[in-house]
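Participant: Supplied in structure tokens, the structure appears directly below.
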Amino acid sequence: MYAGPEKEKRSIFRNPLLYTSTALLIALLYVSWVFYTRWQENQEYEQKVAAMEEKKRQEDERVAELMGGSRFEILNFYATPSFIREDQSATLCYSVSNAKKVRLDPPDANVWPSLSRCFHLSPKKTTTYTLTIEDAEGHTKSATVKVTVE
């Protein structure tokens with residue numbers, strides 16, 4: 001029998017296929033981990049945004065209700081100061097909700113539906129101002145304020 005050369009045992013560490021497949025597996029696991037953590041962060045961010053939007057919506061509803069909501073009303077109508085001298089001016093302010101038209105008698109300035117509007121006026125004599133509002137159905141409401149001139 002011929003003894004011939006003995007088959008050389010290959011070391012597992014000399015196998016390039018093993019290194020390549022191990023490196024690819026590690027790279028695949030790393031990329032998968034990066035995608036998963038970013039997806040998880042996006043989910044948390046979307047939940048926070050949704051919670052913030054819900055809070056904002058509730059706050060907007062509360063503000064709308066405080067500003068008259070669906071009520072047809074004169075929320076504020078006042079003059080400051082209500083006592084002036086002839087050479088002074090007063091500030092007249094009003095706030096209305098759900099009004100289609102606004103009228104001021106006697107007419108001293110342009111007025112329109114507003115949640116908050118103020119303007120200056122300088123009456124020469126004591127004057128009572130009447131604010132009248134009208135809704136889309138023709139209903140009206142009025143309020144008065146007196147500016148006394150000394």
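Identifiers for the structure tokens are assigned positionally: chains receive A, B, ... in sequence, residues are indexed from 1 per chain, and ligands are indexed from 1 in the order shown.
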Assign secondary structure with DSSP using the backbone only, and return the residues of region 19-130 of chain A in strand (DSSP E) as a PyMOL selection string.

Facilitator: chain A and resi 73-80+83-84+90-97+101-105+117-121+127-130

Participant: Apply DSSP to the backbone of this structure and, from chain A, keep only the residues in helix (DSSP H, G or I); write these as number ranges by chain.

Facilitator: A: 12-14, 16-66

Participant: Set the distance at 9 Å and use only C-alpha atoms: which residues neighbour Asp108 (chain A) once local chain neighbours fewer than 2 positions away are removed? I'd like the list as an mmCIF file with N, CA, C and O atoms, in the first residue's frame.

Facilitator:
```
data_model
loop_
_atom_site.group_PDB
_atom_site.id
_atom_site.type_symbol
_atom_site.label_atom_id
_atom_site.label_comp_id
_atom_site.auth_asym_id
_atom_site.auth_seq_id
_atom_site.Cartn_x
_atom_site.Cartn_y
_atom_site.Cartn_z
ATOM 1 N N LEU A 104 -72.953 100.506 16.297
ATOM 2 C CA LEU A 104 -72.743 101.381 17.442
ATOM 3 C C LEU A 104 -73.541 102.659 17.221
ATOM 4 O O LEU A 104 -73.446 103.278 16.159
ATOM 5 N N ASP A 105 -74.337 103.039 18.215
ATOM 6 C CA ASP A 105 -75.117 104.281 18.155
ATOM 7 C C ASP A 105 -74.753 105.143 19.345
ATOM 8 O O ASP A 105 -74.776 104.646 20.470
ATOM 9 N N PRO A 106 -74.448 106.398 19.222
ATOM 10 C CA PRO A 106 -74.236 107.087 17.955
ATOM 11 C C PRO A 106 -72.969 106.570 17.291
ATOM 12 O O PRO A 106 -72.022 106.195 17.970
ATOM 13 N N ASN A 110 -65.905 102.784 13.082
ATOM 14 C CA ASN A 110 -66.317 101.575 12.370
ATOM 15 C C ASN A 110 -66.256 100.404 13.341
ATOM 16 O O ASN A 110 -65.264 100.236 14.047
ATOM 17 N N LEU A 121 -62.384 107.353 21.544
ATOM 18 C CA LEU A 121 -63.381 108.321 21.133
ATOM 19 C C LEU A 121 -63.284 109.540 22.040
ATOM 20 O O LEU A 121 -62.835 109.455 23.176
ATOM 21 N N SER A 122 -63.701 110.690 21.505
ATOM 22 C CA SER A 122 -63.616 111.957 22.244
ATOM 23 C C SER A 122 -64.942 112.695 22.146
ATOM 24 O O SER A 122 -65.094 113.635 21.361
ATOM 25 N N PRO A 123 -65.920 112.274 22.927
ATOM 26 C CA PRO A 123 -67.213 112.975 22.872
ATOM 27 C C PRO A 123 -67.099 114.380 23.471
ATOM 28 O O PRO A 123 -66.320 114.617 24.382
#
```

Participant: Under the rule that only C-alpha atoms are counted, which of A:Thr144, A:Gln47, A:Ser70, A:Ser116 is the nearest residue to Val96 (chain A)?

Facilitator: A:Ser116

Participant: Nearest to Glu73 (chain A): which of A:Asn98, A:Gln88, A:Glu41, A:Thr127 is it, counting only C-alpha atoms?

Facilitator: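 The shortest atom-to-atom distance to Glu73 (chain A) comes from A:Asn98.
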
Participant: So that I can check the surroundings of Lys125 (chain A), please list as an NGL selection string every protein, DNA and RNA residue that reaches within 12 Å of it, counting only C-alpha atoms and ignoring chain neighbours fewer than 3 positions away.

Facilitator: :A and (83-89 or 121-122 or 128 or 146-150)

Participant: Rounded to one decimal in Å, what is the spacing between CA of Thr126 (chain A) and CA of Ala109 (chain A)?

Facilitator: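 For CA of Thr126 (chain A) relative to CA of Ala109 (chain A), the distance reads 16.9 Å.
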
Participant: Would you mind telling me which residue in A:Leu131, A:Ala23, A:Gly68, A:Arg57 lies nearest to Tyr94 (chain A) when using only C-alpha atoms?

Facilitator: A:Leu131
